[in-house]
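Remarks on the structure that follows.
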Amino acid sequence: MQVWVDADACPRVIRDILLRAAERTGTPLILVANHVLPVPASKLVRQLQVAKGFDVADNEIVQRIESGDLLITADIPLAAEALEQGAGVLSPRGERFDKGTIRAKLTMRDFMDTMRASGVQTGGPPALSQADRQAFANQLDRLLSSRP
């Protein structure tokens, strides 16, 4: 198992949790972003820098992720593609996506997109809370400890 991170929008505190977990569990971690990220020297952690552009990082992840890998992302369409390829998906808030729930998430995302396009102010997600960080760390630990 490798852990892939859609790192352009991943909060730093979540990246820090991932870095510590990779070292603790010996799990390879790949941070994919269109800009340079501070990454500690490690045999387990690497950054994959991609060109700037719409969905460039997402497309790179989709091309490289394999069944059994884990993806960290809040991007619902990317999560759906990773699930189709047999990867596990976890949001930075600790929510596990699966084939049973992703369709509803895609529908809600599309609905909110339509609302915003029509001029409705929908606001953004709330700030990442301490409870969100803890939920993420707990789910990550469960997923990494359950791997073969």
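Just remember, in the structure tokens the first chain shown is A, the second B, etc., residues are 1-based per chain, and ligands are 1-based in the order shown.
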
Identify, on the basis of only C-alpha atoms, every residue whose closest approach to Val62 (chain A) does not exceed 12 Å; exclude the query and any residue fewer than 2 positions from it along the same chain; express the result as an MDAnalysis selection string. chainID A and resid 4:6 32 55:60 64:67 69:71 77:87

Would you output that residue set with C-alpha atoms, as a CSV table (one decimal), in the first residue's frame?
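Below you can see result_19.csv, which holds the result:
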```csv
chain,number,residue,atom,x,y,z
A,4,TRP,CA,-1.3,9.3,-2.2
A,5,VAL,CA,-2.1,12.8,-1.2
A,6,ASP,CA,-3.9,15.4,-3.3
A,32,VAL,CA,1.2,15.3,-5.4
A,55,ASP,CA,-6.9,18.8,-12.6
A,56,VAL,CA,-3.2,18.1,-13.6
A,57,ALA,CA,-2.5,16.7,-10.1
A,58,ASP,CA,-5.7,14.8,-10.1
A,59,ASN,CA,-5.0,13.2,-13.5
A,60,GLU,CA,-1.5,12.2,-12.3
A,64,ARG,CA,-0.5,6.1,-10.9
A,65,ILE,CA,-2.8,5.0,-8.1
A,66,GLU,CA,-3.3,1.2,-7.8
A,67,SER,CA,-5.8,-1.1,-6.2
A,69,ASP,CA,-3.5,2.1,-2.2
A,70,LEU,CA,-5.0,4.9,-0.1
A,71,LEU,CA,-5.8,8.4,-1.4
A,77,PRO,CA,-14.7,13.5,-8.4
A,78,LEU,CA,-11.1,12.4,-7.8
A,79,ALA,CA,-12.3,10.2,-4.9
A,80,ALA,CA,-14.8,8.5,-7.2
A,81,GLU,CA,-12.1,7.8,-9.8
A,82,ALA,CA,-9.8,6.3,-7.2
A,83,LEU,CA,-12.5,4.1,-5.7
A,84,GLU,CA,-13.2,2.8,-9.3
A,85,GLN,CA,-9.6,1.7,-9.4
A,86,GLY,CA,-9.9,-0.1,-6.1
A,87,ALA,CA,-8.1,2.4,-3.9
```

Helix (DSSP H, G or I) residues, from DSSP on the backbone, in chain A, as a PyMOL selection string: chain A and resi 12-25+56-64+76-84+102-117+130-145

Got time to write the residues from that selection, C-alpha atoms, as a short mmCIF file (atom, residue, chain, number, x, y, z; two decimals), in the first residue's frame?
```cif
data_model
loop_
_atom_site.label_atom_id
_atom_site.label_comp_id
_atom_site.auth_asym_id
_atom_site.auth_seq_id
_atom_site.Cartn_x
_atom_site.Cartn_y
_atom_site.Cartn_z
CA ARG A 12 -0.56 21.43 6.60
CA VAL A 13 -1.67 19.89 9.89
CA ILE A 14 -3.02 16.87 7.96
CA ARG A 15 0.23 16.60 5.98
CA ASP A 16 2.12 16.60 9.28
CA ILE A 17 -0.06 13.75 10.60
CA LEU A 18 0.58 11.83 7.38
CA LEU A 19 4.35 12.37 7.56
CA ARG A 20 4.49 11.03 11.13
CA ALA A 21 2.24 8.07 10.25
CA ALA A 22 4.39 7.15 7.22
CA GLU A 23 7.53 7.03 9.36
CA ARG A 24 5.83 5.19 12.22
CA THR A 25 4.26 2.50 10.01
CA VAL A 56 -3.24 18.12 -13.57
CA ALA A 57 -2.46 16.73 -10.10
CA ASP A 58 -5.72 14.76 -10.06
CA ASN A 59 -4.97 13.21 -13.46
CA GLU A 60 -1.47 12.23 -12.34
CA ILE A 61 -2.86 10.53 -9.25
CA VAL A 62 -5.48 8.65 -11.30
CA GLN A 63 -2.79 7.42 -13.69
CA ARG A 64 -0.54 6.14 -10.90
CA ILE A 76 -15.16 14.21 -4.71
CA PRO A 77 -14.67 13.45 -8.45
CA LEU A 78 -11.07 12.39 -7.77
CA ALA A 79 -12.26 10.22 -4.89
CA ALA A 80 -14.80 8.55 -7.20
CA GLU A 81 -12.12 7.76 -9.79
CA ALA A 82 -9.77 6.33 -7.16
CA LEU A 83 -12.55 4.15 -5.75
CA GLU A 84 -13.24 2.80 -9.25
CA ILE A 102 -19.66 8.38 -3.32
CA ARG A 103 -22.67 8.64 -5.67
CA ALA A 104 -24.58 10.76 -3.12
CA LYS A 105 -21.49 12.93 -2.57
CA LEU A 106 -21.15 13.48 -6.34
CA THR A 107 -24.83 14.40 -6.62
CA MET A 108 -24.57 16.91 -3.76
CA ARG A 109 -21.38 18.39 -5.21
CA ASP A 110 -23.05 18.85 -8.61
CA PHE A 111 -26.12 20.39 -6.97
CA MET A 112 -24.00 22.88 -5.03
CA ASP A 113 -22.06 23.69 -8.20
CA THR A 114 -25.34 24.47 -9.97
CA MET A 115 -26.44 26.65 -7.06
CA ARG A 116 -23.19 28.64 -7.12
CA ALA A 117 -23.40 29.02 -10.91
CA GLN A 130 -9.53 19.73 16.41
CA ALA A 131 -12.25 17.07 16.21
CA ASP A 132 -11.68 16.83 12.42
CA ARG A 133 -7.94 16.38 12.97
CA GLN A 134 -8.55 13.67 15.55
CA ALA A 135 -11.09 11.91 13.31
CA PHE A 136 -8.56 11.94 10.47
CA ALA A 137 -5.73 10.61 12.64
CA ASN A 138 -7.97 7.84 14.04
CA GLN A 139 -9.23 6.72 10.62
CA LEU A 140 -5.71 6.83 9.18
CA ASP A 141 -4.41 4.67 12.02
CA ARG A 142 -7.23 2.15 11.46
CA LEU A 143 -6.53 1.97 7.73
CA LEU A 144 -2.75 1.67 8.08
CA SER A 145 -2.94 -0.92 10.85
#
```

How far is it from CA of Arg93 (chain A) to CA of Gly119 (chain A), in Å with one decimal?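 One can read the CA of Arg93 (chain A) to CA of Gly119 (chain A) distance as 27.5 Å.
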
Give me, please, the distance in Å between CA of Thr27 (chain A) and CA of Gly53 (chain A), quoted to one decimal.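 Between these atoms lies a distance of 28.9 Å.
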
Using DSSP secondary structure from the backbone, list all strand (DSSP E or B) positions within region 28-66 of chain A, as a list in words. Leu29, Ile30, Leu31, Val32, Ala33, Val45, Arg46, Gln47, Leu48 and Gln49 of chain A

Output N, CA, C and O atoms for every residue in the selection just made, as a short mmCIF file (atom, residue, chain, number, x, y, z; two decimals), in the first residue's frame.
```cif
data_model
loop_
_atom_site.label_atom_id
_atom_site.label_comp_id
_atom_site.auth_asym_id
_atom_site.auth_seq_id
_atom_site.Cartn_x
_atom_site.Cartn_y
_atom_site.Cartn_z
N LEU A 29 4.65 7.34 1.22
CA LEU A 29 3.75 8.49 1.13
C LEU A 29 4.19 9.35 -0.05
O LEU A 29 5.36 9.71 -0.14
N ILE A 30 3.25 9.65 -0.95
CA ILE A 30 3.54 10.48 -2.11
C ILE A 30 2.63 11.69 -2.07
O ILE A 30 1.40 11.57 -2.11
N LEU A 31 3.23 12.88 -2.00
CA LEU A 31 2.49 14.13 -1.99
C LEU A 31 2.50 14.69 -3.41
O LEU A 31 3.58 14.99 -3.95
N VAL A 32 1.34 14.84 -4.02
CA VAL A 32 1.24 15.31 -5.39
C VAL A 32 0.71 16.75 -5.37
O VAL A 32 -0.38 17.00 -4.85
N ALA A 33 1.50 17.67 -5.93
CA ALA A 33 1.11 19.08 -5.93
C ALA A 33 1.73 19.79 -7.13
O ALA A 33 2.69 19.31 -7.72
N VAL A 45 9.00 9.09 2.07
CA VAL A 45 8.19 10.24 1.67
C VAL A 45 8.81 10.91 0.45
O VAL A 45 10.00 11.18 0.41
N ARG A 46 7.94 11.15 -0.55
CA ARG A 46 8.42 11.91 -1.70
C ARG A 46 7.33 12.84 -2.21
O ARG A 46 6.15 12.61 -1.97
N GLN A 47 7.80 13.88 -2.88
CA GLN A 47 6.87 14.80 -3.50
C GLN A 47 6.93 14.61 -4.99
O GLN A 47 8.01 14.47 -5.58
N LEU A 48 5.77 14.61 -5.61
CA LEU A 48 5.66 14.55 -7.05
C LEU A 48 5.09 15.89 -7.49
O LEU A 48 3.92 16.17 -7.25
N GLN A 49 5.94 16.73 -8.08
CA GLN A 49 5.49 18.04 -8.53
C GLN A 49 5.02 17.93 -9.97
O GLN A 49 5.71 17.37 -10.83
#
```

What is the distance, in Å and to one decimal place, between CA of Gly94 (chain A) and CA of Val120 (chain A)?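 Separation of CA of Gly94 (chain A) and CA of Val120 (chain A): 28.2 Å.
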
Quick one: everything within 8 Å of His35 (chain A), counting only C-alpha atoms, minus sequence neighbours fewer than 3 positions away in the same chain. Send it as a VMD selection string. chain A and resid 8 49 to 50 52

Which is closest to Ile72 (chain A) among A:Ala51, A:Arg96, A:Leu128, A:Ser146, if we use only C-alpha atoms?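 Answer, going by the shortest atom-to-atom distance: A:Arg96.
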
Counting only C-alpha atoms, which of A:Met1, A:Pro11, A:Gly123, A:Gly68 gets nearest to Ser91 (chain A)?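 Of A:Met1, A:Pro11, A:Gly123, A:Gly68, the one nearest Ser91 (chain A) is A:Pro11, counting only C-alpha atoms.
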